[in-house]
$ cat run-v7.cif   # mmCIF, C-alpha atoms
data_structure
loop_
_atom_site.label_atom_id
_atom_site.label_comp_id
_atom_site.auth_asym_id
_atom_site.auth_seq_id
_atom_site.Cartn_x
_atom_site.Cartn_y
_atom_site.Cartn_z
CA GLY T 111 -10.84 78.28 57.70
CA ASN T 112 -7.90 78.16 60.06
CA SER T 113 -4.96 80.49 59.50
CA VAL T 114 -1.88 81.81 61.27
CA THR T 115 -0.23 85.19 60.70
CA GLN T 116 3.29 85.99 61.86
CA MET T 117 5.33 89.16 61.75
CA GLU T 118 7.60 89.30 58.75
CA GLY T 119 11.31 88.95 59.20
CA PRO T 120 14.11 88.98 59.31
CA VAL T 121 14.38 90.10 62.89
CA THR T 122 17.93 91.14 63.69
CA LEU T 123 18.99 91.53 67.32
CA SER T 124 22.17 91.84 69.30
CA GLU T 125 23.05 89.14 71.79
CA GLU T 126 21.22 89.49 75.14
CA ALA T 127 18.45 91.60 73.59
CA PHE T 128 14.77 90.95 74.30
CA LEU T 129 12.87 89.05 71.63
CA THR T 130 9.22 89.22 70.63
CA ILE T 131 7.82 87.50 67.55
CA ASN T 132 4.15 88.23 67.03
CA CYS T 133 1.66 85.55 66.07
CA THR T 134 -2.10 85.84 65.65
CA TYR T 135 -4.52 83.19 64.54
CA THR T 136 -7.96 82.67 63.07
CA ALA T 137 -9.81 79.51 64.02
CA THR T 138 -13.21 78.43 65.22
CA GLY T 139 -13.47 77.20 68.77
CA TYR T 140 -10.35 76.47 70.76
CA PRO T 141 -7.29 75.50 68.78
CA SER T 142 -4.06 74.22 70.26
CA LEU T 143 -1.12 76.51 69.56
CA PHE T 144 2.55 75.76 68.92
CA TRP T 145 5.90 77.28 68.11
CA TYR T 146 8.34 75.31 65.98
CA VAL T 147 11.97 76.21 65.31
CA GLN T 148 14.09 75.36 62.28
CA TYR T 149 17.84 75.69 62.74
CA PRO T 150 19.99 75.99 59.61
CA GLY T 151 20.20 72.68 57.77
CA GLU T 152 17.87 70.89 60.18
CA GLY T 153 14.22 69.86 60.28
CA LEU T 154 11.51 71.70 62.19
CA GLN T 155 11.38 70.95 65.91
CA LEU T 156 8.60 71.58 68.37
CA LEU T 157 9.71 74.39 70.69
CA LEU T 158 6.67 74.85 72.93
CA LYS T 159 2.92 74.43 73.04
CA ALA T 160 -0.27 75.61 74.76
CA THR T 161 -3.53 73.73 74.52
CA LYS T 162 -6.03 76.06 76.22
CA ALA T 163 -6.62 79.74 76.91
CA ASP T 164 -4.21 81.40 79.36
CA ASP T 165 -1.79 78.45 79.19
CA LYS T 166 1.87 79.47 79.01
CA GLY T 167 4.21 77.27 77.02
CA SER T 168 7.91 77.49 77.81
CA ASN T 169 11.14 75.83 76.75
CA LYS T 170 14.82 76.83 76.47
CA GLY T 171 14.05 80.29 77.87
CA PHE T 172 11.31 80.94 75.32
CA GLU T 173 7.73 81.61 76.43
CA ALA T 174 4.37 82.15 74.76
CA THR T 175 0.95 82.70 76.34
CA TYR T 176 -2.31 81.61 74.72
CA ARG T 177 -4.46 84.78 74.62
CA LYS T 178 -7.97 83.94 73.48
CA GLU T 179 -9.23 87.51 73.80
CA THR T 180 -6.64 88.79 71.32
CA THR T 181 -6.26 85.48 69.39
CA SER T 182 -2.51 85.73 69.86
CA PHE T 183 0.42 83.53 70.84
CA HIS T 184 3.47 85.81 70.80
CA LEU T 185 6.89 84.25 71.31
CA GLU T 186 9.23 85.96 73.79
CA LYS T 187 12.70 85.46 75.20
CA GLY T 188 14.38 87.74 77.68
CA SER T 189 17.95 87.41 76.43
CA VAL T 190 18.71 85.91 73.04
CA GLN T 191 21.93 84.14 72.11
CA VAL T 192 23.67 83.72 68.78
CA SER T 193 22.63 80.06 68.89
CA ASP T 194 18.96 81.14 68.78
CA SER T 195 19.41 82.25 65.17
CA ALA T 196 16.82 80.21 63.26
CA VAL T 197 13.43 80.40 61.59
CA TYR T 198 10.44 80.29 63.96
CA PHE T 199 7.03 79.03 62.91
CA CYS T 200 3.76 79.57 64.75
CA ALA T 201 1.18 76.83 64.17
CA LEU T 202 -2.19 75.53 65.32
CA THR T 203 -4.27 72.39 65.23
CA ARG T 204 -8.03 72.04 65.43
CA ASN T 205 -10.04 68.90 66.16
CA ASN T 206 -12.47 69.71 63.36
CA ALA T 207 -9.61 69.76 60.87
CA GLY T 208 -8.32 66.30 61.73
CA ASN T 209 -5.74 67.90 63.98
CA MET T 210 -3.84 68.95 60.86
CA LEU T 211 -1.05 71.44 61.56
CA THR T 212 -1.59 74.88 60.02
CA PHE T 213 1.60 76.94 59.95
CA GLY T 214 2.33 80.63 59.73
CA GLY T 215 4.84 81.90 57.19
CA GLY T 216 7.82 81.79 59.53
CA THR T 217 10.02 84.53 60.98
CA ARG T 218 13.78 84.45 60.56
CA LEU T 219 15.73 85.56 63.63
CA MET T 220 19.34 86.64 63.29
CA VAL T 221 21.30 87.29 66.48
CA LYS T 222 24.61 89.11 66.19
CA PRO T 223 27.38 88.82 68.79
CA GLU S 220 17.81 57.34 67.48
CA ALA S 221 18.21 58.20 63.82
CA GLY S 222 16.04 61.01 62.53
CA VAL S 223 13.89 61.29 59.44
CA ALA S 224 16.08 60.89 56.36
CA GLN S 225 15.36 62.54 53.03
CA SER S 226 17.12 62.46 49.70
CA PRO S 227 18.22 64.13 47.64
CA ARG S 228 18.83 67.31 49.60
CA TYR S 229 18.83 69.48 46.50
CA LYS S 230 17.45 69.01 42.99
CA ILE S 231 17.37 71.28 39.97
CA ILE S 232 15.23 70.31 36.99
CA GLU S 233 13.66 71.98 33.98
CA LYS S 234 9.93 72.46 33.72
CA ARG S 235 8.03 69.49 32.30
CA GLN S 236 10.64 67.08 33.66
CA SER S 237 9.87 64.50 36.34
CA VAL S 238 11.36 64.25 39.81
CA ALA S 239 11.08 61.94 42.80
CA PHE S 240 11.87 62.45 46.45
CA TRP S 241 12.52 59.75 49.00
CA CYS S 242 11.79 59.67 52.73
CA ASN S 243 12.79 57.17 55.40
CA PRO S 244 10.87 57.86 58.61
CA ILE S 245 12.00 57.07 62.12
CA SER S 246 11.79 53.35 62.80
CA GLY S 247 8.41 52.38 64.20
CA HIS S 248 6.63 55.54 63.10
CA ALA S 249 3.41 54.47 61.43
CA THR S 250 2.28 57.95 60.40
CA LEU S 251 4.11 59.81 57.65
CA TYR S 252 3.52 63.24 56.16
CA TRP S 253 4.71 65.13 53.09
CA TYR S 254 4.65 68.93 53.18
CA GLN S 255 5.40 71.60 50.57
CA GLN S 256 7.13 74.73 51.84
CA ILE S 257 7.28 77.56 49.33
CA LEU S 258 9.84 80.28 50.05
CA GLY S 259 8.47 82.73 52.61
CA GLN S 260 5.53 80.51 53.55
CA GLY S 261 4.90 77.89 56.17
CA PRO S 262 4.75 74.18 55.38
CA LYS S 263 1.53 73.02 53.72
CA LEU S 264 0.39 69.43 54.11
CA LEU S 265 0.26 67.48 50.85
CA ILE S 266 -0.49 63.96 52.05
CA GLN S 267 -0.67 61.90 55.23
CA PHE S 268 -0.14 58.13 55.41
CA GLN S 269 -1.02 55.71 58.19
CA ASN S 270 1.14 52.65 57.51
CA ASN S 271 0.65 52.13 53.76
CA GLY S 272 -2.80 53.73 53.59
CA VAL S 273 -3.64 57.33 52.68
CA VAL S 274 -5.38 59.25 55.49
CA ASP S 275 -5.59 62.67 53.83
CA ASP S 276 -4.54 63.75 50.35
CA SER S 277 -7.07 66.54 49.92
CA GLN S 278 -4.35 69.13 49.19
CA LEU S 279 -2.28 67.01 46.84
CA PRO S 280 -2.45 68.23 43.20
CA LYS S 281 -3.24 64.81 41.86
CA ASP S 282 -2.89 65.76 38.21
CA ARG S 283 0.88 65.96 38.64
CA PHE S 284 1.79 64.80 42.15
CA SER S 285 1.73 61.23 43.42
CA ALA S 286 2.98 59.57 46.55
CA GLU S 287 3.26 56.02 47.77
CA ARG S 288 4.31 54.09 50.82
CA LEU S 289 4.01 50.54 49.57
CA LYS S 290 5.46 48.65 52.55
CA GLY S 291 4.43 51.13 55.21
CA VAL S 292 7.99 52.32 55.80
CA ASP S 293 9.79 54.38 53.14
CA SER S 294 7.83 56.77 50.99
CA THR S 295 8.36 58.48 47.65
CA LEU S 296 6.78 61.67 46.36
CA LYS S 297 6.79 62.22 42.60
CA ILE S 298 6.06 65.24 40.44
CA GLN S 299 5.34 64.65 36.75
CA PRO S 300 5.55 66.98 34.92
CA ALA S 301 7.05 69.74 37.05
CA LYS S 302 5.99 73.38 36.79
CA LEU S 303 7.87 76.51 37.81
CA GLU S 304 5.52 76.99 40.78
CA ASP S 305 6.59 73.62 42.21
CA SER S 306 9.89 75.19 43.30
CA ALA S 307 9.85 74.67 47.05
CA VAL S 308 11.27 72.64 49.91
CA TYR S 309 9.55 69.29 50.32
CA LEU S 310 9.46 68.13 53.91
CA CYS S 311 8.81 64.68 55.23
CA ALA S 312 7.70 64.12 58.81
CA SER S 313 6.72 61.11 60.89
CA ARG S 314 5.27 60.18 64.25
CA THR S 315 4.09 57.14 66.11
CA ARG S 316 0.46 56.14 65.62
CA THR S 317 -0.50 57.07 69.18
CA ALA S 318 1.41 60.36 69.42
CA SER S 319 -0.42 63.66 69.15
CA SER S 320 -0.49 65.18 65.68
CA TYR S 321 1.87 67.98 66.70
CA GLU S 322 4.53 65.52 67.88
CA GLN S 323 5.95 65.11 64.40
CA TYR S 324 9.63 64.66 63.65
CA PHE S 325 10.68 66.52 60.52
CA GLY S 326 13.40 65.68 58.06
CA PRO S 327 15.77 68.33 56.68
CA GLY S 328 13.82 68.59 53.43
CA THR S 329 14.57 68.45 49.72
CA ARG S 330 14.98 71.80 48.00
CA LEU S 331 13.56 71.65 44.46
CA THR S 332 14.29 74.33 41.89
CA VAL S 333 12.36 74.18 38.62
CA THR S 334 13.83 76.32 35.82
#
$ encode --input "run-v7.cif" --output "structure tokens"
Amino acid sequence: GNSVTQMEGPVTLSEEAFLTINCTYTATGYPSLFWYVQYPGEGLQLLLKATKADDKGSNKGFEATYRKETTSFHLEKGSVQVSDSAVYFCALTRNNAGNMLTFGGGTRLMVKP
Amino acid sequence: EAGVAQSPRYKIIEKRQSVAFWCNPISGHATLYWYQQILGQGPKLLIQFQNNGVVDDSQLPKDRFSAERLKGVDSTLKIQPAKLEDSAVYLCASRTRTASSYEQYFGPGTRLTVT
């Protein structure tokens, strides 16, 4: 079946540090890949997406590249801010699964000033 | 526009008791989802509605969980009787009928603790 594996958190960084959150997936064929973010007290929000191999999704300074050869979709940001503190979820959908979202376990990011 | 509303935000019950959660989706959103998010895990789909009809409830533990969306707007999720392993955050999400499945708007969730 489909599955998503994320690095365990929490990830603690100082402001302006470089961020990488690893995500790998298992799925047949060509899934679409997503990153969602959950700020404290709020619902999950779509952060970025990539629908085919080598696509790069980007939003709010975050980027992730769909790597079919390594089945990965790592989230990166060059300079994090305190306001980026949140939980980040990697997810995928597959046409043969009714486009149901399958989420990873989430990675908590804490950015200190 | 107003977001997805859920209530209550927190609930503590003893095992074998019953509990109900309420969700009001964004106006005009025909598709509604309920997810269970256990601590340290990602959300897991329990049930999907299209208007007042069930699209997918394959992962809903039907011996104790039930959900309804009688008028195709608000929805309730019920657990009866609750078990310790039901402790989790229950998320409601909605989208328009024509939006892609990933374009869901999530509510803040209801945190359930079963003691």
$ residues_around --input "run-v7.cif" --residues "Leu156 (chain T)" --least-positions-apart "6" --cutoff "9 Å" --atoms "only C-alpha atoms" --output "PyMOL selection string"
(chain T and resi 144-147) or (chain S and resi 321-324)
$ residues_near_point --input "run-v7.cif" --point "(-3.3, 60.7, 54.2)" --cutoff "10 Å" --atoms "only C-alpha atoms" --output "ChimeraX atom specification"
/S:250-253,264-279,286
$ interface_residues --input "run-v7.cif" --of "chain S" --to "chain T" --cutoff "10 Å" --atoms "all atoms listed in the file" --output "PyMOL selection string"
chain S and resi 222-224+228+256-264+267+274-275+310-312+319-328
$ atom_distance --input "run-v7.cif" --atom1 "CA of Thr122 (chain T)" --atom2 "CA of Gly188 (chain T)"
14.8 Å
$ atom_distance --input "run-v7.cif" --atom1 "CA of Arg330 (chain S)" --atom2 "CA of Thr134 (chain T)"
28.3 Å
$ resolve_selection --input "run-v7.cif" --expression "the PyMOL selection byres ((chain S and resi 315) around 6)" --output "JSON list (two decimals) with C-alpha atoms, keeping the file's coordinate frame"
[["chain", "number", "residue", "atom", "x", "y", "z"],
["S", 248, "HIS", "CA", 6.63, 55.54, 63.10],
["S", 249, "ALA", "CA", 3.41, 54.47, 61.43],
["S", 314, "ARG", "CA", 5.27, 60.18, 64.25],
["S", 316, "ARG", "CA", 0.46, 56.14, 65.62],
["S", 317, "THR", "CA", -0.50, 57.07, 69.18],
["S", 318, "ALA", "CA", 1.41, 60.36, 69.42]]
$ resolve_selection --input "run-v7.cif" --expression "the PyMOL selection byres ((chain S and resi 299) around 9)" --output "PyMOL selection string"
chain S and resi 235-239+282-285+297-298+300-302
$ atom_distance --input "run-v7.cif" --atom1 "CA of Glu173 (chain T)" --atom2 "CA of Lys187 (chain T)"
6.4 Å
$ residues_around --input "run-v7.cif" --residues "Asp293 (chain S)" --least-positions-apart "5" --cutoff "8 Å" --atoms "all atoms listed in the file" --output "PyMOL selection string"
chain S and resi 241-244+288
$ resolve_selection --input "run-v7.cif" --expression "the PyMOL selection byres ((chain T and resi 223) around 9)" --output "PyMOL selection string"
chain T and resi 123-126+191-192+221-222
$ write_last_selection --input "run-v7.cif" --atoms "C-alpha atoms" --output "PDB file, in the coordinates of the input"
ATOM      1  CA  LEU T 123      18.990  91.530  67.320  1.00  0.00           C
ATOM      2  CA  SER T 124      22.170  91.840  69.300  1.00  0.00           C
ATOM      3  CA  GLU T 125      23.050  89.140  71.790  1.00  0.00           C
ATOM      4  CA  GLU T 126      21.220  89.490  75.140  1.00  0.00           C
ATOM      5  CA  GLN T 191      21.930  84.140  72.110  1.00  0.00           C
ATOM      6  CA  VAL T 192      23.670  83.720  68.780  1.00  0.00           C
ATOM      7  CA  VAL T 221      21.300  87.290  66.480  1.00  0.00           C
ATOM      8  CA  LYS T 222      24.610  89.110  66.190  1.00  0.00           C
TER       9      LYS T 222
END
